[in-house]
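Structure below is data-v9.txt: compact mmCIF, C-alpha atoms.
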# COMPACT_ATOMS: atom_id res chain seq x y z
CA MET A 1 23.09 12.15 -64.07
CA LYS A 2 21.64 14.65 -61.60
CA ILE A 3 23.48 16.02 -58.56
CA LEU A 4 22.17 18.02 -55.60
CA ILE A 5 24.60 20.36 -53.81
CA SER A 6 23.50 21.50 -50.34
CA VAL A 7 25.54 24.53 -49.22
CA ASP A 8 25.95 25.82 -45.67
CA ILE A 9 28.29 28.61 -44.52
CA GLU A 10 29.95 27.64 -41.22
CA GLY A 11 32.30 25.11 -42.82
CA VAL A 12 33.46 27.46 -45.58
CA ALA A 13 37.17 28.32 -45.67
CA GLY A 14 37.85 31.58 -43.86
CA VAL A 15 34.62 31.58 -41.81
CA TYR A 16 35.15 31.46 -38.04
CA HIS A 17 32.84 33.87 -36.24
CA PRO A 18 29.04 34.13 -35.79
CA GLU A 19 29.12 37.66 -37.24
CA GLN A 20 30.18 36.16 -40.56
CA THR A 21 27.01 34.06 -40.63
CA ARG A 22 24.45 36.77 -39.79
CA PRO A 23 23.07 39.27 -42.32
CA GLY A 24 23.41 42.97 -41.73
CA ASN A 25 27.15 43.50 -41.62
CA GLY A 26 30.15 43.64 -43.93
CA GLU A 27 31.68 40.40 -42.65
CA TYR A 28 28.56 38.48 -43.66
CA GLU A 29 28.56 40.09 -47.09
CA ARG A 30 32.07 38.78 -47.71
CA ALA A 31 31.34 35.36 -46.20
CA ARG A 32 28.28 34.82 -48.40
CA LEU A 33 30.51 35.36 -51.44
CA LEU A 34 33.02 32.83 -50.10
CA MET A 35 30.07 30.44 -49.70
CA THR A 36 29.03 31.12 -53.29
CA GLU A 37 32.55 30.50 -54.59
CA GLU A 38 32.69 27.09 -52.89
CA ALA A 39 29.28 26.26 -54.35
CA ASN A 40 30.57 27.18 -57.80
CA ALA A 41 33.62 24.96 -57.30
CA ALA A 42 31.33 22.04 -56.47
CA ILE A 43 29.12 22.79 -59.48
CA ALA A 44 32.15 22.86 -61.77
CA GLY A 45 33.47 19.61 -60.30
CA ALA A 46 30.09 17.95 -60.78
CA PHE A 47 30.03 18.88 -64.46
CA ASP A 48 33.70 17.86 -64.79
CA GLY A 49 32.68 14.45 -63.45
CA GLY A 50 29.87 13.97 -65.95
CA ALA A 51 26.78 15.49 -64.31
CA GLU A 52 24.12 16.58 -66.78
CA GLU A 53 21.96 18.50 -64.31
CA VAL A 54 22.88 20.18 -61.01
CA TYR A 55 20.66 21.63 -58.29
CA VAL A 56 22.14 23.96 -55.68
CA ASN A 57 20.31 24.23 -52.35
CA ASP A 58 21.03 27.37 -50.30
CA SER A 59 21.02 25.76 -46.85
CA HIS A 60 22.01 28.43 -44.34
CA GLY A 61 19.75 30.54 -42.11
CA SER A 62 17.10 32.20 -44.25
CA PHE A 63 18.06 29.92 -47.17
CA ARG A 64 18.70 32.97 -49.38
CA ASN A 65 22.35 33.83 -48.91
CA MET A 66 24.04 33.21 -52.24
CA PRO A 67 23.40 35.90 -54.86
CA PRO A 68 21.84 33.96 -57.76
CA ASP A 69 23.66 36.09 -60.33
CA ARG A 70 27.00 35.00 -58.82
CA LEU A 71 26.26 31.28 -59.17
CA ASP A 72 27.30 29.16 -62.14
CA PRO A 73 24.41 29.59 -64.61
CA ARG A 74 24.45 25.90 -65.49
CA ALA A 75 22.91 25.07 -62.08
CA ARG A 76 19.32 25.44 -60.89
CA VAL A 77 19.10 27.25 -57.54
CA ILE A 78 16.80 26.34 -54.64
CA GLN A 79 16.29 29.22 -52.18
CA GLY A 80 13.76 30.46 -49.62
CA LYS A 81 11.82 28.91 -46.75
CA PRO A 82 9.82 27.27 -45.29
CA ARG A 83 10.16 24.12 -47.35
CA TYR A 84 9.40 20.54 -46.37
CA LEU A 85 12.83 19.02 -47.02
CA GLY A 86 14.88 21.92 -45.69
CA MET A 87 18.59 21.54 -46.38
CA MET A 88 17.88 18.52 -48.60
CA SER A 89 15.29 20.13 -50.87
CA GLY A 90 15.93 18.97 -54.42
CA VAL A 91 16.52 15.33 -53.50
CA GLU A 92 12.94 14.65 -54.60
CA HIS A 93 13.88 15.48 -58.20
CA GLY A 94 15.43 12.07 -58.80
CA VAL A 95 19.04 13.02 -58.12
CA ASP A 96 21.80 10.42 -58.19
CA GLY A 97 23.98 11.87 -55.45
CA VAL A 98 24.41 14.68 -52.95
CA PHE A 99 27.31 16.99 -52.07
CA LEU A 100 27.40 18.72 -48.68
CA ILE A 101 29.44 21.92 -48.96
CA GLY A 102 30.45 24.21 -46.07
CA TYR A 103 28.97 21.92 -43.40
CA HIS A 104 29.96 21.95 -39.72
CA SER A 105 30.08 19.66 -36.69
CA ARG A 106 27.11 18.91 -34.48
CA GLY A 107 25.91 20.82 -31.42
CA GLN A 108 28.20 20.49 -28.40
CA GLY A 109 30.96 19.38 -30.77
CA TYR A 110 34.50 20.73 -30.90
CA GLY A 111 34.27 22.18 -34.37
CA ILE A 112 34.14 25.75 -35.60
CA LEU A 113 30.65 27.26 -35.14
CA ALA A 114 29.30 23.84 -34.14
CA HIS A 115 25.52 23.54 -33.76
CA THR A 116 22.59 21.44 -34.93
CA ILE A 117 19.78 23.06 -36.94
CA ASN A 118 19.20 25.97 -34.54
CA SER A 119 21.82 26.95 -31.97
CA PHE A 120 19.25 28.85 -29.88
CA ALA A 121 16.79 25.94 -29.70
CA PHE A 122 18.72 22.67 -29.68
CA SER A 123 21.75 21.40 -27.84
CA ARG A 124 21.81 17.81 -29.12
CA ILE A 125 19.59 15.67 -31.36
CA PHE A 126 19.45 11.87 -31.50
CA MET A 127 17.70 9.63 -34.00
CA ASN A 128 17.36 5.95 -33.12
CA ASP A 129 19.96 6.55 -30.38
CA LEU A 130 22.52 7.99 -32.84
CA GLU A 131 23.69 11.53 -32.06
CA LEU A 132 23.48 13.39 -35.35
CA GLY A 133 24.35 16.82 -36.64
CA GLU A 134 22.94 18.40 -39.75
CA ALA A 135 25.00 16.19 -42.06
CA GLY A 136 23.76 13.01 -40.38
CA ILE A 137 20.14 14.15 -40.23
CA TYR A 138 19.96 15.34 -43.80
CA GLY A 139 22.20 12.54 -45.07
CA ALA A 140 19.68 10.11 -43.60
CA LEU A 141 16.89 12.03 -45.33
CA ALA A 142 18.74 11.63 -48.63
CA GLY A 143 19.20 7.95 -47.80
CA GLU A 144 15.44 7.58 -47.41
CA TYR A 145 15.22 8.64 -51.08
CA GLY A 146 17.94 6.11 -51.95
CA VAL A 147 20.52 8.84 -52.56
CA PRO A 148 24.10 8.67 -51.21
CA VAL A 149 26.24 11.55 -49.95
CA LEU A 150 29.10 11.44 -52.45
CA MET A 151 31.21 14.33 -51.21
CA ALA A 152 31.35 16.72 -48.24
CA SER A 153 33.44 19.68 -47.10
CA GLY A 154 33.99 21.41 -43.77
CA ASP A 155 36.46 21.43 -40.90
CA ASP A 156 38.39 18.44 -39.55
CA ILE A 157 35.96 17.86 -36.65
CA PHE A 158 33.03 17.72 -39.04
CA ALA A 159 34.82 15.12 -41.16
CA GLY A 160 35.78 13.03 -38.13
CA GLU A 161 32.26 13.03 -36.71
CA ASN A 162 30.63 11.90 -39.93
CA HIS A 163 33.05 9.39 -41.44
CA ALA A 164 31.30 6.48 -39.73
CA PHE A 165 27.96 7.46 -41.29
CA PHE A 166 29.47 8.11 -44.73
CA PRO A 167 32.46 5.76 -45.04
CA ASP A 168 32.61 5.96 -48.83
CA THR A 169 32.19 9.74 -49.05
CA VAL A 170 35.01 11.96 -50.30
CA PHE A 171 35.73 14.55 -47.58
CA VAL A 172 37.51 17.87 -48.07
CA GLU A 173 38.89 19.51 -44.91
CA THR A 174 38.77 23.22 -45.68
CA LYS A 175 40.06 24.17 -42.22
CA THR A 176 41.25 22.81 -38.88
CA ALA A 177 39.37 23.77 -35.74
CA GLY A 178 41.26 25.44 -32.92
CA GLY A 179 38.10 26.11 -30.92
CA ALA A 180 34.53 27.26 -31.37
CA ILE A 181 35.49 30.46 -33.20
CA CYS A 182 39.10 29.94 -34.25
CA GLY A 183 41.30 27.67 -36.33
CA ASN A 184 43.42 27.66 -39.46
CA SER A 185 42.11 27.49 -42.98
CA LEU A 186 43.04 26.86 -46.55
CA SER A 187 42.89 30.01 -48.61
CA PRO A 188 39.54 30.40 -50.38
CA GLU A 189 41.29 29.76 -53.70
CA GLU A 190 42.90 26.51 -52.52
CA ALA A 191 39.68 25.37 -50.84
CA CYS A 192 37.79 25.84 -54.09
CA LYS A 193 40.43 23.91 -56.03
CA ALA A 194 40.22 21.05 -53.53
CA ILE A 195 36.40 21.01 -53.64
CA ARG A 196 36.34 20.94 -57.43
CA ARG A 197 38.83 18.04 -57.56
CA ALA A 198 36.94 16.12 -54.89
CA ALA A 199 33.60 16.62 -56.62
CA GLU A 200 34.92 15.22 -59.87
CA LYS A 201 36.57 12.30 -58.05
CA ALA A 202 33.39 11.55 -56.12
CA LEU A 203 31.36 11.20 -59.32
CA LYS A 204 33.91 8.87 -60.86
CA HIS A 205 33.58 6.58 -57.81
CA ARG A 206 29.88 7.12 -57.13
CA HIS A 207 28.86 3.48 -57.63
CA ALA A 208 30.89 2.47 -54.56
CA CYS A 209 29.03 4.95 -52.32
CA ARG A 210 26.05 3.66 -50.34
CA PRO A 211 23.17 5.70 -48.94
CA PHE A 212 23.05 6.27 -45.17
CA ILE A 213 19.87 4.49 -44.07
CA LEU A 214 17.99 4.83 -40.78
CA GLN A 215 15.27 2.21 -40.60
CA GLY A 216 11.89 3.51 -39.48
CA PRO A 217 10.13 4.05 -37.22
CA ILE A 218 12.36 6.90 -36.10
CA SER A 219 12.70 7.66 -32.40
CA VAL A 220 13.87 11.27 -31.90
CA SER A 221 15.35 12.59 -28.66
CA ILE A 222 16.12 16.28 -28.25
CA GLU A 223 18.14 18.09 -25.64
CA ALA A 224 16.83 21.64 -25.71
CA GLN A 225 19.00 24.62 -24.82
CA SER A 226 16.82 25.45 -21.80
CA THR A 227 13.91 24.21 -19.71
CA ARG A 228 11.73 27.04 -20.98
CA LEU A 229 12.28 25.82 -24.55
CA ALA A 230 11.35 22.29 -23.46
CA ASP A 231 8.23 23.80 -21.85
CA LEU A 232 7.37 25.39 -25.20
CA PHE A 233 8.11 22.34 -27.35
CA CYS A 234 6.03 20.07 -25.11
CA GLN A 235 2.94 22.16 -25.82
CA TRP A 236 2.89 19.92 -28.89
CA PRO A 237 0.67 16.95 -27.86
CA THR A 238 2.86 14.25 -29.40
CA MET A 239 5.95 15.28 -27.41
CA THR A 240 7.01 13.31 -24.34
CA ARG A 241 8.93 15.20 -21.64
CA THR A 242 11.83 13.04 -20.48
CA GLY A 243 13.69 15.55 -18.28
CA GLY A 244 14.06 19.19 -17.41
CA ASN A 245 15.26 20.14 -20.88
CA THR A 246 14.80 16.87 -22.78
CA LEU A 247 11.94 15.49 -24.84
CA SER A 248 11.22 12.78 -27.36
CA PHE A 249 8.81 11.82 -30.11
CA ASP A 250 8.39 9.07 -32.69
CA THR A 251 7.77 9.34 -36.41
CA PRO A 252 7.45 6.78 -39.22
CA THR A 253 10.18 8.32 -41.38
CA VAL A 254 13.23 10.58 -41.31
CA GLU A 255 11.35 13.05 -43.48
CA ALA A 256 8.59 13.33 -40.88
CA ALA A 257 11.22 13.76 -38.15
CA VAL A 258 12.94 16.56 -40.08
CA ARG A 259 9.66 18.36 -40.61
CA MET A 260 8.85 18.11 -36.90
CA ILE A 261 12.31 19.35 -35.85
CA ASN A 262 12.01 22.31 -38.19
CA CYS A 263 8.58 23.13 -36.74
CA LEU A 264 10.11 23.16 -33.24
CA SER A 265 12.90 25.39 -34.53
CA ALA A 266 10.33 27.84 -35.88
CA MET A 267 8.41 27.74 -32.58
CA SER A 268 11.53 28.68 -30.63
CA THR A 269 11.54 32.17 -32.13
CA MET A 270 8.78 33.25 -29.71
CA LEU A 271 11.25 32.92 -26.80
CA ARG A 272 14.13 34.84 -28.33
Written form, structure tokens:
Amino acid sequence: MKILISVDIEGVAGVYHPEQTRPGNGEYERARLLMTEEANAAIAGAFDGGAEEVYVNDSHGSFRNMPPDRLDPRARVIQGKPRYLGMMSGVEHGVDGVFLIGYHSRGQGYGILAHTINSFAFSRIFMNDLELGEAGIYGALAGEYGVPVLMASGDDIFAGENHAFFPDTVFVETKTAGGAICGNSLSPEEACKAIRRAAEKALKHRHACRPFILQGPISVSIEAQSTRLADLFCQWPTMTRTGGNTLSFDTPTVEAAVRMINCLSAMSTMLR
């Protein structure tokens, strides 16, 4: 049995502020270790539950946050970008299930550090009229490969937003949101214990967990953070401008939609 663990940072216990998510300061250096510890808890839980092979996908920012020498050596580590499958890279290796660790709620949500893909570029993203955050988008990408999301961790708003998409998934609430940059959290030690238990439990009940499927073709609607970003994105010939800061496009698959969204995210850097 193979498991893919996709690890973000905003949903990690003890992480509340943007400074903790951005390289170049002491708060980030500590937060990336907290991220690594939660990844290790998920790895341990996967092996406790019977996994024979585990891939860990570093899924925040530059995709190279977790020091490889601090990760459980039993796992294979996926780092660096650009890569076609983004936060779900590794699903193509024939994995049997996915864990989402340290995830957060969608853009314009109530959760801690809520955003979708790129907080500078995108306000909201819809696929086939469903408003999705990163968990929904990448969970649907996993579903396209026939792979279910078995377990997920993050704050209470993240769990509430995504339960309908992943009704059989084991959720761990590492913290409770009190606002965009505040809340209350389990201690890192207790969060790791809870993640490890949930990971093992999820594998024992994996056969009851169904993939999240979005049937193609995929209609994508994006609310950009500004009209100037919409101006930029609509330089792409296949984009349709639907409003001052809104646009849409169609793709045959979720994978194609993800690749297009990540291209728009990369384009947005010219306006920073």
Would you mind listing, for every residue of range 54-147 of chain A within 8 Å of range 179-186 of chain A, the two atoms forming the shortest contact and the distance between them in Å to one decimal, using all atoms listed in the file, sorted by chain and ascending residue number, as CSV?
residue,atom,partner,partner_atom,distance
A:Tyr110,CA,A:Gly179,CA,6.5
A:Gly111,CA,A:Ala180,CA,5.9
A:Ile112,CA,A:Ala180,CA,4.5
A:Leu113,CA,A:Ala180,CA,5.4
A:Ala114,CA,A:Ala180,CA,6.8
Sorted per-residue table, range 143-193 of chain A near range 2-13 of chain A, closest atoms and distance, 9 Å, only C-alpha atoms, as JSON lines:
{"residue": "A:Ser153", "atom": "CA", "partner": "A:Gly11", "partner_atom": "CA", "distance": 7.0}
{"residue": "A:Gly154", "atom": "CA", "partner": "A:Gly11", "partner_atom": "CA", "distance": 4.2}
{"residue": "A:Asp155", "atom": "CA", "partner": "A:Gly11", "partner_atom": "CA", "distance": 5.9}
{"residue": "A:Phe158", "atom": "CA", "partner": "A:Gly11", "partner_atom": "CA", "distance": 8.3}
{"residue": "A:Glu173", "atom": "CA", "partner": "A:Gly11", "partner_atom": "CA", "distance": 8.9}
{"residue": "A:Thr174", "atom": "CA", "partner": "A:Ala13", "partner_atom": "CA", "distance": 5.3}
{"residue": "A:Lys175", "atom": "CA", "partner": "A:Ala13", "partner_atom": "CA", "distance": 6.1}
{"residue": "A:Asn184", "atom": "CA", "partner": "A:Ala13", "partner_atom": "CA", "distance": 8.8}
{"residue": "A:Ser185", "atom": "CA", "partner": "A:Ala13", "partner_atom": "CA", "distance": 5.7}
{"residue": "A:Leu186", "atom": "CA", "partner": "A:Ala13", "partner_atom": "CA", "distance": 6.1}
{"residue": "A:Ser187", "atom": "CA", "partner": "A:Ala13", "partner_atom": "CA", "distance": 6.6}
{"residue": "A:Pro188", "atom": "CA", "partner": "A:Ala13", "partner_atom": "CA", "distance": 5.7}
{"residue": "A:Ala191", "atom": "CA", "partner": "A:Ala13", "partner_atom": "CA", "distance": 6.5}
{"residue": "A:Cys192", "atom": "CA", "partner": "A:Ala13", "partner_atom": "CA", "distance": 8.8}
Centre and edge lengths of an axis-aligned box around all listed atoms of range 222-231 of chain A, with 3 Å added on each side, are to be given in Å to one decimal, as lines of an AutoDock Vina configuration file.
center_x = 13.6
center_y = 21.7
center_z = -24.0
size_x = 16.8
size_y = 16.8
size_z = 14.5
Spatial neighbours of Pro237 in chain A, 12 Å, all atoms listed in the file, chain gap at least 6 places, as a PDB file with C-alpha atoms, in the frame of the given file:
ATOM      1  CA  ASP A 231       8.230  23.800 -21.850  1.00  0.00           C
ATOM      2  CA  LEU A 247      11.940  15.490 -24.840  1.00  0.00           C
ATOM      3  CA  SER A 248      11.220  12.780 -27.360  1.00  0.00           C
ATOM      4  CA  PHE A 249       8.810  11.820 -30.110  1.00  0.00           C
TER       5      PHE A 249
END
At a cut-off of 10 Å, using all atoms listed in the file, what residues contact range 254-260 of chain A? Leave out same-chain residues fewer than 6 positions from it and give the result as JSON, numbers by chain.
{"A": [83, 84, 85, 86, 87, 88, 117, 127, 137, 138, 139, 140, 141, 142, 143, 144, 145, 213, 214, 215, 216, 217, 218, 219, 220, 266]}
Is there a way to get, as a ChimeraX atom specification, all residues within 12 Å of the point (19.2, 32.9, -47.1) in file coordinates, counting all atoms listed in the file?
/A:7-9,21-23,28-29,32,35-36,57-68,77-82,86-87
Store the residues of this selection in a file with C-alpha atoms, as a PDB file, in the coordinates of the input.
ATOM      1  CA  VAL A   7      25.540  24.530 -49.220  1.00  0.00           C
ATOM      2  CA  ASP A   8      25.950  25.820 -45.670  1.00  0.00           C
ATOM      3  CA  ILE A   9      28.290  28.610 -44.520  1.00  0.00           C
ATOM      4  CA  THR A  21      27.010  34.060 -40.630  1.00  0.00           C
ATOM      5  CA  ARG A  22      24.450  36.770 -39.790  1.00  0.00           C
ATOM      6  CA  PRO A  23      23.070  39.270 -42.320  1.00  0.00           C
ATOM      7  CA  TYR A  28      28.560  38.480 -43.660  1.00  0.00           C
ATOM      8  CA  GLU A  29      28.560  40.090 -47.090  1.00  0.00           C
ATOM      9  CA  ARG A  32      28.280  34.820 -48.400  1.00  0.00           C
ATOM     10  CA  MET A  35      30.070  30.440 -49.700  1.00  0.00           C
ATOM     11  CA  THR A  36      29.030  31.120 -53.290  1.00  0.00           C
ATOM     12  CA  ASN A  57      20.310  24.230 -52.350  1.00  0.00           C
ATOM     13  CA  ASP A  58      21.030  27.370 -50.300  1.00  0.00           C
ATOM     14  CA  SER A  59      21.020  25.760 -46.850  1.00  0.00           C
ATOM     15  CA  HIS A  60      22.010  28.430 -44.340  1.00  0.00           C
ATOM     16  CA  GLY A  61      19.750  30.540 -42.110  1.00  0.00           C
ATOM     17  CA  SER A  62      17.100  32.200 -44.250  1.00  0.00           C
ATOM     18  CA  PHE A  63      18.060  29.920 -47.170  1.00  0.00           C
ATOM     19  CA  ARG A  64      18.700  32.970 -49.380  1.00  0.00           C
ATOM     20  CA  ASN A  65      22.350  33.830 -48.910  1.00  0.00           C
ATOM     21  CA  MET A  66      24.040  33.210 -52.240  1.00  0.00           C
ATOM     22  CA  PRO A  67      23.400  35.900 -54.860  1.00  0.00           C
ATOM     23  CA  PRO A  68      21.840  33.960 -57.760  1.00  0.00           C
ATOM     24  CA  VAL A  77      19.100  27.250 -57.540  1.00  0.00           C
ATOM     25  CA  ILE A  78      16.800  26.340 -54.640  1.00  0.00           C
ATOM     26  CA  GLN A  79      16.290  29.220 -52.180  1.00  0.00           C
ATOM     27  CA  GLY A  80      13.760  30.460 -49.620  1.00  0.00           C
ATOM     28  CA  LYS A  81      11.820  28.910 -46.750  1.00  0.00           C
ATOM     29  CA  PRO A  82       9.820  27.270 -45.290  1.00  0.00           C
ATOM     30  CA  GLY A  86      14.880  21.920 -45.690  1.00  0.00           C
ATOM     31  CA  MET A  87      18.590  21.540 -46.380  1.00  0.00           C
TER      32      MET A  87
END
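Between CA of Ser221 in chain A and CA of Glu131 in chain A there is a distance of 9.1 Å.
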Take CA of Ser119 in chain A and CA of Cys234 in chain A and report the distance between them in Å, one decimal.
18.5 Å
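Between Ser123 in chain A and the candidates A:Gly107, A:Leu271, A:Ser265, A:Pro211, the tightest atom-to-atom separation, counting all atoms listed in the file, involves A:Gly107.
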Which of A:Leu132, A:Val15, A:Ala121, A:Met1 sits closest to Ala31 in chain A [using only C-alpha atoms]:
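The closest residue to Ala31 in chain A is A:Val15.
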Counting all atoms listed in the file, note down every residue that has an atom within 6 Å of the point (25.7, 15.3, -52.5) (file coordinates), as an MDAnalysis selection string.
chainID A and resid 4:5 97:100 149:151
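As for CA of His93 in chain A and CA of His163 in chain A, they are spaced 26.2 Å apart.
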Would you please work out which residue, of A:Phe165, A:Phe171, A:Phe212, A:Trp236, is nearest to Arg197 in chain A when using only C-alpha atoms?
A:Phe171
Might you pull out every residue within 8 Å of Ile157 in chain A, with all atoms listed in the file counted and same-chain residues fewer than 6 positions away left off, and present them as a VMD selection string?
chain A and resid 104 to 105 109 to 111 176 to 177
Could you check which of A:Arg74, A:Arg106, A:Lys193, A:Arg272 is closest to Ala51 in chain A, using all atoms listed in the file?
A:Arg74
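Each of A:Thr240, A:Thr116, A:Asn245, A:Asn162 was compared to Ala224 in chain A using all atoms listed in the file, and A:Asn245 turns out to be the nearest.
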Which residue of A:Val172, A:Leu34, A:Ile222, A:Met239 approaches Lys201 in chain A most closely, using only C-alpha atoms:
A:Val172
Could N, CA and C atoms be built for range 228-253 of chain A and written out as a CSV table (one decimal), keeping the file's coordinate frame?
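And here's selection.csv as it stands now:
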chain,number,residue,atom,x,y,z
A,228,ARG,N,12.9,26.3,-20.4
A,228,ARG,CA,11.7,27.0,-21.0
A,228,ARG,C,11.5,26.7,-22.4
A,229,LEU,N,12.5,26.3,-23.2
A,229,LEU,CA,12.3,25.8,-24.6
A,229,LEU,C,11.6,24.5,-24.5
A,230,ALA,N,12.0,23.6,-23.6
A,230,ALA,CA,11.4,22.3,-23.5
A,230,ALA,C,9.9,22.5,-23.1
A,231,ASP,N,9.6,23.5,-22.2
A,231,ASP,CA,8.2,23.8,-21.8
A,231,ASP,C,7.4,24.1,-23.1
A,232,LEU,N,8.0,25.0,-24.0
A,232,LEU,CA,7.4,25.4,-25.2
A,232,LEU,C,7.2,24.2,-26.1
A,233,PHE,N,8.2,23.4,-26.4
A,233,PHE,CA,8.1,22.3,-27.4
A,233,PHE,C,7.1,21.3,-26.9
A,234,CYS,N,7.0,21.1,-25.6
A,234,CYS,CA,6.0,20.1,-25.1
A,234,CYS,C,4.6,20.6,-25.1
A,235,GLN,N,4.3,21.8,-25.5
A,235,GLN,CA,2.9,22.2,-25.8
A,235,GLN,C,2.4,21.3,-26.9
A,236,TRP,N,3.3,20.8,-27.8
A,236,TRP,CA,2.9,19.9,-28.9
A,236,TRP,C,2.4,18.6,-28.3
A,237,PRO,N,1.2,18.1,-28.6
A,237,PRO,CA,0.7,17.0,-27.9
A,237,PRO,C,1.4,15.7,-28.0
A,238,THR,N,2.2,15.5,-29.2
A,238,THR,CA,2.9,14.2,-29.4
A,238,THR,C,4.2,14.2,-28.7
A,239,MET,N,4.7,15.3,-28.1
A,239,MET,CA,6.0,15.3,-27.4
A,239,MET,C,5.9,14.6,-26.0
A,240,THR,N,6.9,13.9,-25.7
A,240,THR,CA,7.0,13.3,-24.3
A,240,THR,C,8.2,14.0,-23.6
A,241,ARG,N,7.9,14.6,-22.5
A,241,ARG,CA,8.9,15.2,-21.6
A,241,ARG,C,9.7,14.1,-20.9
A,242,THR,N,11.0,14.1,-21.1
A,242,THR,CA,11.8,13.0,-20.5
A,242,THR,C,12.8,13.6,-19.4
A,243,GLY,N,12.8,14.9,-19.3
A,243,GLY,CA,13.7,15.6,-18.3
A,243,GLY,C,13.5,17.0,-18.3
A,244,GLY,N,14.2,17.8,-17.5
A,244,GLY,CA,14.1,19.2,-17.4
A,244,GLY,C,14.1,19.9,-18.8
A,245,ASN,N,15.1,19.5,-19.6
A,245,ASN,CA,15.3,20.1,-20.9
A,245,ASN,C,15.3,19.1,-22.0
A,246,THR,N,14.8,17.9,-21.8
A,246,THR,CA,14.8,16.9,-22.8
A,246,THR,C,13.4,16.4,-23.1
A,247,LEU,N,13.2,16.0,-24.4
A,247,LEU,CA,11.9,15.5,-24.8
A,247,LEU,C,12.1,14.5,-26.0
A,248,SER,N,11.1,13.8,-26.3
A,248,SER,CA,11.2,12.8,-27.4
A,248,SER,C,9.9,12.7,-28.1
A,249,PHE,N,10.0,12.1,-29.3
A,249,PHE,CA,8.8,11.8,-30.1
A,249,PHE,C,9.2,10.8,-31.1
A,250,ASP,N,8.2,10.1,-31.7
A,250,ASP,CA,8.4,9.1,-32.7
A,250,ASP,C,7.7,9.5,-34.0
A,251,THR,N,8.4,9.1,-35.1
A,251,THR,CA,7.8,9.3,-36.4
A,251,THR,C,8.0,8.1,-37.3
A,252,PRO,N,7.2,8.0,-38.4
A,252,PRO,CA,7.4,6.8,-39.2
A,252,PRO,C,8.7,6.9,-40.1
A,253,THR,N,9.1,8.1,-40.4
A,253,THR,CA,10.2,8.3,-41.4
A,253,THR,C,11.1,9.4,-40.9
